[in-house]
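A quick write-up on the structure given underneath.
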Amino acid sequence: NAGVTQTPKFQVLKTGQSMTLQCAQDMNHNSMYWYRQDPGMGLRLIYYSASEGTTDKGEVPNGYNVSRLNKREFSLRLESAAPSQTSVYFCASSPPGTATQSGANVLTFGAGSRLTVL
Amino acid sequence: SQQGEEDPQALSIQEGENATMNCSYKTSINNLQWYRQNSGRGLVHLILIRSNEREKHSGRLRVTLDTSKKSSSLLITASRAADTASYFCATDLGTYKYIFGTGTRLKVLA
């Protein structure tokens with residue numbers, strides 16, 4: 001059981017280049033998330049998808065787009081990378097269920113993707 | 001600004017001592033969770049406390065929640081070197097949005 005898998009693990013881009021970070025989960029979770037982590041800033045939510053077919057902006061969506069390809073996969077795209085997007089990106093997923101059900105609302109994270117934009 | 005702010009930013013203690021870290025948040029929540037992150041790794045869920053709960057225990061972890069003060073604390077008792085990590089609180093705003101705080105870096109000295 002792989003959990004949440006992110007690719008690539010490392011990527012170096014030049015300013016203006018585009019790339020897509022891939023995320024897949026095999027836990028039949030409904031909701032998926034993209035966060036970025038910068039030193040001293042904790043994790044900031046970029047976009048999330050409450051369920052297949054829906055996506056919504058988080059705290060810092062500018063410069064990013066997302067696609068919820070199917071229930072398993074949620075990709076993050078940088079159309080024109082900027083040095084300010086140098087960060088570690090984490091994908092996460094959470095299961096369906098109400099707030100009172102055990103395990104509901106708990107996030108499972110991938111190992112992260114370290115992106116450097118020169 | 002971020003929803004959650006942890007305090008202190010960094011904490012260094014001796015093995016066997018207790019570690020306490022605090023989280024303050026700004027808006028109403030459904031629940032509050034604590035996560036641990038070992039260096040260079042993804043986050044791992046530790047414990048969840050719902051908005052109608054005041055205290056919860058899990059092994060050496062004790063979490064409290066004061067919704068009137070919009071704050072939570074995480075206590076790790078009898079710390080071990082393996083507890084060295086960063087700890088984050090995350091607030092569930094009830095709209096599938098989970099907002100994380102800035103984290104506390106805990107170092108447990110053997």
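Following the order of the structure tokens, chains are lettered A, B, ..., residues in each are numbered from 1, and ligands are numbered from 1.
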With only C-alpha atoms counted and 12 Å as the cut-off, give the residues of segment 38-91 of chain A in contact with segment 4-28 of chain B, each with its shortest interatomic distance in Å and the pair that gives it, as CSV.
residue,atom,partner,partner_atom,distance
A:Pro39,CA,B:Gln9,CA,11.7
A:Gly40,CA,B:Gln9,CA,8.8
A:Met41,CA,B:Glu5,CA,9.9
A:Gly42,CA,B:Glu5,CA,9.3
A:Leu43,CA,B:Gly4,CA,10.2
A:Arg44,CA,B:Gly4,CA,10.6
Using N, CA and C atoms, can you export the residues from the last selection as a PDB file, in the first residue's frame?
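File produced: part.pdb:
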ATOM      1  N   PRO A  39      10.760  27.868   4.554  1.00  0.00           N
ATOM      2  CA  PRO A  39      11.353  28.034   5.887  1.00  0.00           C
ATOM      3  C   PRO A  39      10.660  29.146   6.673  1.00  0.00           C
ATOM      4  N   GLY A  40      10.278  28.829   7.905  1.00  0.00           N
ATOM      5  CA  GLY A  40       9.664  29.826   8.767  1.00  0.00           C
ATOM      6  C   GLY A  40       8.216  30.138   8.456  1.00  0.00           C
ATOM      7  N   MET A  41       7.669  29.505   7.408  1.00  0.00           N
ATOM      8  CA  MET A  41       6.288  29.810   7.003  1.00  0.00           C
ATOM      9  C   MET A  41       5.351  28.644   7.269  1.00  0.00           C
ATOM     10  N   GLY A  42       5.851  27.524   7.685  1.00  0.00           N
ATOM     11  CA  GLY A  42       4.973  26.376   7.838  1.00  0.00           C
ATOM     12  C   GLY A  42       4.459  25.914   6.492  1.00  0.00           C
ATOM     13  N   LEU A  43       3.306  25.278   6.495  1.00  0.00           N
ATOM     14  CA  LEU A  43       2.688  24.827   5.252  1.00  0.00           C
ATOM     15  C   LEU A  43       1.567  25.777   4.869  1.00  0.00           C
ATOM     16  N   ARG A  44       1.516  26.124   3.600  1.00  0.00           N
ATOM     17  CA  ARG A  44       0.445  26.980   3.107  1.00  0.00           C
ATOM     18  C   ARG A  44      -0.319  26.252   2.004  1.00  0.00           C
TER      19      ARG A  44
END
List the neighbours of segment 38-45 of chain B out to 10 Å using only C-alpha atoms; skip same-chain residues closer than 5 positions along the sequence, and give me the result as a PDB file with N, CA, C and O atoms, in the first residue's frame.
ATOM      1  N   VAL A  88       9.295  23.460  -1.156  1.00  0.00           N
ATOM      2  CA  VAL A  88       8.996  22.034  -1.095  1.00  0.00           C
ATOM      3  C   VAL A  88       7.479  21.899  -1.168  1.00  0.00           C
ATOM      4  O   VAL A  88       6.756  22.539  -0.396  1.00  0.00           O
ATOM      5  N   TYR A  89       7.022  21.079  -2.090  1.00  0.00           N
ATOM      6  CA  TYR A  89       5.587  20.922  -2.312  1.00  0.00           C
ATOM      7  C   TYR A  89       5.130  19.570  -1.779  1.00  0.00           C
ATOM      8  O   TYR A  89       5.741  18.544  -2.036  1.00  0.00           O
ATOM      9  N   PHE A  90       4.040  19.609  -1.038  1.00  0.00           N
ATOM     10  CA  PHE A  90       3.472  18.386  -0.474  1.00  0.00           C
ATOM     11  C   PHE A  90       2.051  18.197  -0.974  1.00  0.00           C
ATOM     12  O   PHE A  90       1.239  19.124  -0.967  1.00  0.00           O
ATOM     13  N   CYS A  91       1.779  16.984  -1.368  1.00  0.00           N
ATOM     14  CA  CYS A  91       0.423  16.569  -1.692  1.00  0.00           C
ATOM     15  C   CYS A  91      -0.118  15.788  -0.504  1.00  0.00           C
ATOM     16  O   CYS A  91       0.637  15.100   0.195  1.00  0.00           O
ATOM     17  N   ALA A  92      -1.409  15.896  -0.256  1.00  0.00           N
ATOM     18  CA  ALA A  92      -2.034  15.159   0.838  1.00  0.00           C
ATOM     19  C   ALA A  92      -3.434  14.729   0.412  1.00  0.00           C
ATOM     20  O   ALA A  92      -4.014  15.288  -0.532  1.00  0.00           O
ATOM     21  N   VAL A 106      -8.466  13.287   8.605  1.00  0.00           N
ATOM     22  CA  VAL A 106      -7.040  13.151   8.864  1.00  0.00           C
ATOM     23  C   VAL A 106      -6.298  13.120   7.535  1.00  0.00           C
ATOM     24  O   VAL A 106      -6.657  12.369   6.634  1.00  0.00           O
ATOM     25  N   LEU A 107      -5.267  13.929   7.416  1.00  0.00           N
ATOM     26  CA  LEU A 107      -4.503  14.019   6.176  1.00  0.00           C
ATOM     27  C   LEU A 107      -3.362  13.012   6.147  1.00  0.00           C
ATOM     28  O   LEU A 107      -2.666  12.829   7.141  1.00  0.00           O
ATOM     29  N   THR A 108      -3.186  12.380   4.995  1.00  0.00           N
ATOM     30  CA  THR A 108      -2.020  11.551   4.730  1.00  0.00           C
ATOM     31  C   THR A 108      -1.180  12.282   3.699  1.00  0.00           C
ATOM     32  O   THR A 108      -1.681  12.649   2.635  1.00  0.00           O
ATOM     33  N   PHE A 109       0.098  12.478   4.013  1.00  0.00           N
ATOM     34  CA  PHE A 109       0.973  13.267   3.157  1.00  0.00           C
ATOM     35  C   PHE A 109       1.892  12.391   2.315  1.00  0.00           C
ATOM     36  O   PHE A 109       2.287  11.290   2.728  1.00  0.00           O
ATOM     37  N   GLY A 110       2.257  12.945   1.157  1.00  0.00           N
ATOM     38  CA  GLY A 110       3.336  12.359   0.378  1.00  0.00           C
ATOM     39  C   GLY A 110       4.674  12.806   0.937  1.00  0.00           C
ATOM     40  O   GLY A 110       4.749  13.581   1.893  1.00  0.00           O
ATOM     41  N   ALA A 111       5.754  12.324   0.315  1.00  0.00           N
ATOM     42  CA  ALA A 111       7.113  12.593   0.811  1.00  0.00           C
ATOM     43  C   ALA A 111       7.628  13.965   0.399  1.00  0.00           C
ATOM     44  O   ALA A 111       8.651  14.413   0.916  1.00  0.00           O
ATOM     45  N   GLY A 112       6.946  14.626  -0.517  1.00  0.00           N
ATOM     46  CA  GLY A 112       7.348  15.963  -0.912  1.00  0.00           C
ATOM     47  C   GLY A 112       8.111  16.005  -2.220  1.00  0.00           C
ATOM     48  O   GLY A 112       8.749  15.028  -2.621  1.00  0.00           O
ATOM     49  N   SER A 113       8.029  17.165  -2.877  1.00  0.00           N
ATOM     50  CA  SER A 113       8.768  17.431  -4.117  1.00  0.00           C
ATOM     51  C   SER A 113       9.513  18.743  -3.933  1.00  0.00           C
ATOM     52  O   SER A 113       8.901  19.775  -3.681  1.00  0.00           O
ATOM     53  N   ARG A 114      10.840  18.657  -4.035  1.00  0.00           N
ATOM     54  CA  ARG A 114      11.658  19.861  -3.825  1.00  0.00           C
ATOM     55  C   ARG A 114      11.899  20.522  -5.173  1.00  0.00           C
ATOM     56  O   ARG A 114      12.519  19.937  -6.049  1.00  0.00           O
TER      57      ARG A 114
ATOM     58  N   GLN B  33      -5.842  19.484  14.700  1.00  0.00           N
ATOM     59  CA  GLN B  33      -4.980  18.306  14.637  1.00  0.00           C
ATOM     60  C   GLN B  33      -3.533  18.722  14.860  1.00  0.00           C
ATOM     61  O   GLN B  33      -3.145  19.863  14.592  1.00  0.00           O
ATOM     62  N   ALA B  82      14.084  10.342  19.784  1.00  0.00           N
ATOM     63  CA  ALA B  82      13.317  10.099  18.563  1.00  0.00           C
ATOM     64  C   ALA B  82      12.158  11.071  18.384  1.00  0.00           C
ATOM     65  O   ALA B  82      11.563  11.147  17.297  1.00  0.00           O
ATOM     66  N   ASP B  83      11.833  11.834  19.432  1.00  0.00           N
ATOM     67  CA  ASP B  83      10.772  12.843  19.318  1.00  0.00           C
ATOM     68  C   ASP B  83      11.276  14.108  18.634  1.00  0.00           C
ATOM     69  O   ASP B  83      10.484  15.012  18.339  1.00  0.00           O
ATOM     70  N   THR B  84      12.576  14.210  18.406  1.00  0.00           N
ATOM     71  CA  THR B  84      13.140  15.365  17.716  1.00  0.00           C
ATOM     72  C   THR B  84      12.506  15.493  16.337  1.00  0.00           C
ATOM     73  O   THR B  84      12.596  14.582  15.512  1.00  0.00           O
ATOM     74  N   ALA B  85      11.838  16.633  16.107  1.00  0.00           N
ATOM     75  CA  ALA B  85      11.073  16.832  14.872  1.00  0.00           C
ATOM     76  C   ALA B  85      10.453  18.218  14.940  1.00  0.00           C
ATOM     77  O   ALA B  85      10.577  18.929  15.941  1.00  0.00           O
ATOM     78  N   SER B  86       9.746  18.585  13.884  1.00  0.00           N
ATOM     79  CA  SER B  86       8.914  19.789  13.910  1.00  0.00           C
ATOM     80  C   SER B  86       7.471  19.367  14.104  1.00  0.00           C
ATOM     81  O   SER B  86       7.034  18.342  13.559  1.00  0.00           O
ATOM     82  N   TYR B  87       6.745  20.147  14.876  1.00  0.00           N
ATOM     83  CA  TYR B  87       5.360  19.837  15.198  1.00  0.00           C
ATOM     84  C   TYR B  87       4.464  20.978  14.722  1.00  0.00           C
ATOM     85  O   TYR B  87       4.764  22.152  14.971  1.00  0.00           O
ATOM     86  N   PHE B  88       3.391  20.604  14.052  1.00  0.00           N
ATOM     87  CA  PHE B  88       2.484  21.585  13.472  1.00  0.00           C
ATOM     88  C   PHE B  88       1.060  21.336  13.941  1.00  0.00           C
ATOM     89  O   PHE B  88       0.620  20.180  14.013  1.00  0.00           O
ATOM     90  N   CYS B  89       0.356  22.420  14.216  1.00  0.00           N
ATOM     91  CA  CYS B  89      -1.079  22.292  14.414  1.00  0.00           C
ATOM     92  C   CYS B  89      -1.775  22.606  13.088  1.00  0.00           C
ATOM     93  O   CYS B  89      -1.253  23.360  12.275  1.00  0.00           O
ATOM     94  N   ALA B  90      -2.926  22.013  12.895  1.00  0.00           N
ATOM     95  CA  ALA B  90      -3.712  22.233  11.685  1.00  0.00           C
ATOM     96  C   ALA B  90      -5.158  22.382  12.086  1.00  0.00           C
ATOM     97  O   ALA B  90      -5.693  21.561  12.839  1.00  0.00           O
ATOM     98  N   ARG B 105       9.930  23.672  16.330  1.00  0.00           N
ATOM     99  CA  ARG B 105      11.043  22.724  16.143  1.00  0.00           C
ATOM    100  C   ARG B 105      11.485  22.237  17.514  1.00  0.00           C
ATOM    101  O   ARG B 105      11.958  23.018  18.332  1.00  0.00           O
TER     102      ARG B 105
END
Near segment 55-60 of chain B, counting only C-alpha atoms, which residues have an atom at most 8 Å away, once you skip same-chain residues fewer than 5 positions from it, shown as a list in words?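 Residues near the query, excluding close chain neighbours: Ile47, Ile49, Leu65, Leu75, Ile76, Thr77 and Ala78 of chain B.
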Could you pull the residues within 8 Å of Asn65 of chain A, counting only C-alpha atoms, minus those fewer than 6 positions along the same chain, as number ranges by chain? A: 76-79
With only C-alpha atoms as the counted atoms, please give the residues lying no more than 9 Å from Asp66 of chain B, apart from itself and same-chain residues fewer than 4 positions off, as a PyMOL selection string. chain B and resi 51+53-54+70-73
Could the residues in this selection be written to a file with C-alpha atoms, as a PDB file, in the first residue's frame?
ATOM      1  CA  SER B  51     -14.254  21.393  18.848  1.00  0.00           C
ATOM      2  CA  GLU B  53     -13.658  18.201  23.328  1.00  0.00           C
ATOM      3  CA  ARG B  54     -11.365  19.820  25.876  1.00  0.00           C
ATOM      4  CA  LYS B  70      -8.809  29.833  20.315  1.00  0.00           C
ATOM      5  CA  SER B  71      -5.795  27.918  21.507  1.00  0.00           C
ATOM      6  CA  SER B  72      -4.491  24.404  21.865  1.00  0.00           C
ATOM      7  CA  SER B  73      -1.499  22.819  23.505  1.00  0.00           C
TER       8      SER B  73
END
Go ahead and compute the interatomic distance for atom CA of Lys14 of chain A and atom CA of Gln37 of chain A, in Å to one decimal.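 Rounded to one decimal, the two atoms are 19.9 Å apart.
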Write out as a ChimeraX atom specification all residues of chain B that backbone DSSP assigns to strand (DSSP E or B). /B:4-7,10-14,19-24,31-37,43-50,55-58,61-66,71-76,85-92,98-101,104-109
List as an MDAnalysis selection string the protein and nucleic acid residues near segment 71-73 of chain A, meaning an atom at most 10 Å away when only C-alpha atoms are counted, but skip any in the same chain fewer than 2 places from it. chainID A and resid 4:6 22:32 49 51:53 67:69 75 93
How would the residues just chosen look if you wrote them out with C-alpha atoms as a JSON list (two decimals), in the first residue's frame?
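Ended up saving to again.json:
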[["chain", "number", "residue", "atom", "x", "y", "z"],
["A", 4, "VAL", "CA", 0.38, 9.14, -1.42],
["A", 5, "THR", "CA", 2.99, 9.18, -4.16],
["A", 6, "GLN", "CA", 4.50, 12.38, -5.54],
["A", 22, "GLN", "CA", 2.02, 14.68, -10.05],
["A", 23, "CYS", "CA", 0.26, 13.18, -7.07],
["A", 24, "ALA", "CA", -1.58, 9.88, -6.76],
["A", 25, "GLN", "CA", -3.20, 8.14, -3.79],
["A", 26, "ASP", "CA", -4.34, 4.54, -3.54],
["A", 27, "MET", "CA", -6.44, 4.82, -0.38],
["A", 28, "ASN", "CA", -9.76, 5.67, -2.06],
["A", 29, "HIS", "CA", -9.70, 9.09, -0.43],
["A", 30, "ASN", "CA", -12.15, 11.70, -1.64],
["A", 31, "SER", "CA", -10.23, 14.89, -0.90],
["A", 32, "MET", "CA", -6.77, 15.92, -2.08],
["A", 49, "SER", "CA", -10.13, 19.24, -4.24],
["A", 51, "SER", "CA", -14.06, 15.49, -4.26],
["A", 52, "GLU", "CA", -13.53, 14.28, -7.81],
["A", 53, "GLY", "CA", -14.61, 17.00, -10.23],
["A", 67, "SER", "CA", -6.34, 19.27, -12.27],
["A", 68, "ARG", "CA", -8.23, 16.54, -10.48],
["A", 69, "LEU", "CA", -7.76, 13.96, -13.19],
["A", 75, "SER", "CA", -1.73, 17.45, -10.36],
["A", 93, "SER", "CA", -5.33, 13.31, 0.84]]
Work out how far apart atom CA of Lys9 of chain A and atom CA of Leu32 of chain B are and give it in Å to one decimal.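 Distance reported for this atom pair: 29.2 Å.
If only C-alpha atoms are the atoms counted, then among B:Thr67, B:Thr102, B:Gln37, B:Thr91 the closest residue to Asn52 of chain B is B:Thr67.
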Computed interatomic separation between atom CA of Leu48 of chain B and atom CA of Pro61 of chain A (Å):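 Calculated distance between atom CA of Leu48 of chain B and atom CA of Pro61 of chain A is 26.8 Å.
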